[in-house]
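K.L.:
Structure below; questions to follow.
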Amino acid sequence: MNVSNSNTPIMINLTVGDQLTTISCGHIVVELLKFVAYQRLQIPYTYQWLKQVVSKKKSNQDKKDTFQSERHFLTASTALDNLDFLIKSLLKEIDGPSIPEEVCIAFGGTPVTCKEVYRLLLPTLCHKPQCNSQFIASDKKIQMNVFRTLVTSGQLNKVFYDPLPPTNLYIFIKKKKVNRQDLVCSDSFVSINGYRLPRNSKIIVINFRNENRENLICCNDFPIFDEVVSNKMVNLNISENDYSQTDEDYAHIESTNTMCWFQSSYVMKGFKDCIVNGSSITNTWLEL
């Protein structure tokens with residue numbers, strides 16, 4: 001399937017792979033998931049606020065409330081439970097025996113009718129969690145620079161400018177096939193042959209990979225200097241043409257003889273806020 005010029009993937013280059021441990025890689029992926037879910041209006045509040053108001057409401061479920069409030073609570077709490085399951089599943093897979101080659105966050109009524117797909121190209125190697133090298137950037141530093149780059153991306157802001165109505169959120173991961181080894185947790189992901197993305201779907205590619213693999217050979221002896229790390233973190237940049245893959249490659253989520261795609265067994269259903277008398281009904285949950 002050919003992707004039209006109007007549907008050329010947006011490429012965002014974040015070459016921080018040589019500064020990530022498997023744990024920090026997992027953290028940045030799930031923070032991106034929360035960020036995109038909120039920015040694309042699939043959850044009407046930030047993840048932290050959603051967690052807070054749902055927890056507050058749960059702790060006061062014995063108190064009487066309106067039918068409208070209870071119905072919205074069921075919608076919000078179900079979405080939060082599913083999102084939390086997706087987060088835990090991703091963290092488990094990224095910190096597992098083999099890191100996924102790619103994670104996809106897709107929005108649409110069904111996997112074959114996705115409206116937007118965020119393809120996260122993960123590093124093929126990460127530092128071991130037990131590595132204590134002072135030259136590995138902290139989660140906080142990485143996230144600060146990554147999200148600063150994302151929010152200042154003119155191309156990405158154009159995508160965010162167009163509202164996306166609440167729909168379903170799917171997670172896909174791609175892993176190398178390994179003989180006699182379970183690739184994923186079967187309770188969290190199911191194997192798929194793949195999908196061809198619709199012509200009108202928006203594709204955003206976020207690349208974490210780094211060509212300099214020497215920094216990842218050994219967790220005890222990195223040929224890397226603090227000023228080099230600092231410069232790389234400062235110089236995160238948007239790149240449109242740093243990829244050997246074609247637009248056609250990004251129009252597929254397709255298993256091969258060497259790679260397998262998996263789809264999360266859970267799906268998060270997006271929802272809108274419930275407004276009563278000009279205010280979000282969640283504000284009343286904090287007053288219970």
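By order in the structure tokens, chains are A, B, ...; within a chain, residues start at 1; ligands start at 1, following the order shown.
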Skipping near chain neighbours, those fewer than 5 positions away, what residues fall within 12 Å of segment 279-288 of chain A using only C-alpha atoms, listed as a VMD selection string?
P.N.:
chain A and resid 44 to 45 49 to 73 76 to 77 272 to 274
K.L.:
Which polymer residues have any atom within 8 Å of an atom of Phe172 of chain A, counting only C-alpha atoms, with same-chain residues fewer than 3 positions away left out, as a VMD selection string?
P.N.:
chain A and resid 103 to 106 261 to 264
K.L.:
With DSSP run on the backbone, what are the strand (DSSP E or B) residues within segment 63-135 of chain A? I'd like them as a list of chain:residue names.
P.N.:
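For segment 63-135 of chain A, the strand (DSSP E or B) set is A:Glu102, A:Val103, A:Cys104, A:Ile105, A:Ala106, A:Phe107, A:Gly108, A:Cys114, A:Lys115, A:Glu116, A:Val117, A:Tyr118, A:Arg119, A:Leu120, A:Leu121, A:His127.
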